$ cat coords.pdb   # PDB, C-alpha atoms
ATOM      1  CA  MET A   7      13.097  86.733  30.943
ATOM      2  CA  ARG A   8      10.314  85.154  33.017
ATOM      3  CA  PRO A   9      10.690  81.984  35.074
ATOM      4  CA  PHE A  10       9.437  78.851  33.319
ATOM      5  CA  ARG A  11       8.529  75.304  34.263
ATOM      6  CA  GLY A  12      11.674  73.166  34.128
ATOM      7  CA  GLN A  13      13.987  76.146  34.659
ATOM      8  CA  GLY A  14      15.782  74.403  37.523
ATOM      9  CA  ASN A  15      18.735  76.456  38.721
ATOM     10  CA  ASP A  16      19.372  78.076  35.330
ATOM     11  CA  GLU A  17      19.923  81.831  35.381
ATOM     12  CA  LEU A  18      17.604  83.722  33.046
ATOM     13  CA  PRO A  19      17.489  84.212  30.158
ATOM     14  CA  VAL A  20      18.080  80.734  28.761
ATOM     15  CA  ILE A  21      18.698  80.016  25.080
ATOM     16  CA  PHE A  22      17.459  76.756  23.598
ATOM     17  CA  THR A  23      18.588  75.720  20.118
ATOM     18  CA  TYR A  24      17.223  72.860  18.073
ATOM     19  CA  ALA A  25      18.256  71.094  14.890
ATOM     20  CA  LEU A  26      16.087  69.154  12.489
ATOM     21  CA  ALA A  27      17.084  65.492  12.692
ATOM     22  CA  GLU A  28      16.996  62.981   9.849
ATOM     23  CA  ASN A  29      13.746  61.547  11.240
ATOM     24  CA  GLY A  30      12.050  64.935  10.688
ATOM     25  CA  GLU A  31      11.844  65.827  14.378
ATOM     26  CA  TYR A  32      13.609  68.679  16.112
ATOM     27  CA  GLN A  33      16.301  67.692  18.621
ATOM     28  CA  LEU A  34      17.545  69.970  21.407
ATOM     29  CA  THR A  35      21.179  70.830  20.665
ATOM     30  CA  HIS A  36      21.946  73.509  23.298
ATOM     31  CA  ARG A  37      20.486  74.757  26.566
ATOM     32  CA  VAL A  38      22.530  77.788  27.583
ATOM     33  CA  PRO A  39      21.746  79.780  30.746
ATOM     34  CA  ALA A  40      22.889  83.348  31.374
ATOM     35  CA  GLY A  41      26.510  83.532  32.486
ATOM     36  CA  THR A  42      27.581  80.713  30.175
ATOM     37  CA  ALA A  43      29.121  81.475  26.796
ATOM     38  CA  ALA A  44      28.372  78.953  24.085
ATOM     39  CA  ASP A  45      29.868  78.372  20.665
ATOM     40  CA  PHE A  46      27.327  77.399  18.041
ATOM     41  CA  THR A  47      28.360  75.868  14.744
ATOM     42  CA  GLU A  48      25.237  75.763  12.580
ATOM     43  CA  PRO A  49      23.908  77.494  10.570
ATOM     44  CA  PHE A  50      26.624  80.024  11.471
ATOM     45  CA  LYS A  51      29.139  80.432  14.318
ATOM     46  CA  PRO A  52      28.045  83.063  16.844
ATOM     47  CA  THR A  53      29.390  83.085  20.391
ATOM     48  CA  LEU A  54      27.106  84.613  22.982
ATOM     49  CA  ASP A  55      26.141  84.737  26.634
ATOM     50  CA  PRO A  56      22.378  84.916  27.273
ATOM     51  CA  ALA A  57      22.989  87.467  30.052
ATOM     52  CA  GLU A  58      24.048  89.933  27.355
ATOM     53  CA  LEU A  59      20.573  89.686  25.770
ATOM     54  CA  GLY A  60      19.007  91.131  28.912
ATOM     55  CA  ARG A  61      21.157  94.254  28.559
ATOM     56  CA  ILE A  62      19.888  95.125  25.083
TER      57      ILE A  62
END
$ encode --input "coords.pdb" --output "structure tokens"
Amino acid sequence: MRPFRGQGNDELPVIFTYALAENGEYQLTHRVPAGTAADFTEPFKPTLDPAELGRI
């Protein structure tokens, strides 16, 4: 919920998801700022808006 270096114009909070690539390194798969719903497919299929996390 705090500003971070590289935030740019993204509304907080921001969700970052990563996946393990075949080369053994993690690759960024999603960068989702508050106010943007995202559909994730792995390892399961949640749909969420980061802004909702701030209301918990």
$ atom_distance --input "coords.pdb" --atom1 "atom CA of Arg8 of chain A" --atom2 "atom CA of Ile21 of chain A"
12.6 Å
$ resolve_selection --input "coords.pdb" --expression "the PyMOL selection byres ((chain A and resi 55-61) around 7)" --output "list of chain:residue names"
A:Pro19, A:Val20, A:Ile21, A:Pro39, A:Ala40, A:Gly41, A:Thr42, A:Ala43, A:Ala44, A:Leu54, A:Ile62
$ residues_around --input "coords.pdb" --residues "Thr23 of chain A" --least-positions-apart "3" --cutoff "12 Å" --atoms "all atoms listed in the file" --output "MDAnalysis selection string"
chainID A and resid 20 26 32:39 44:49
$ atom_distance --input "coords.pdb" --atom1 "atom CA of Thr53 of chain A" --atom2 "atom CA of Phe22 of chain A"
13.9 Å
$ atom_distance --input "coords.pdb" --atom1 "atom CA of Gln13 of chain A" --atom2 "atom CA of Glu28 of chain A"
28.2 Å
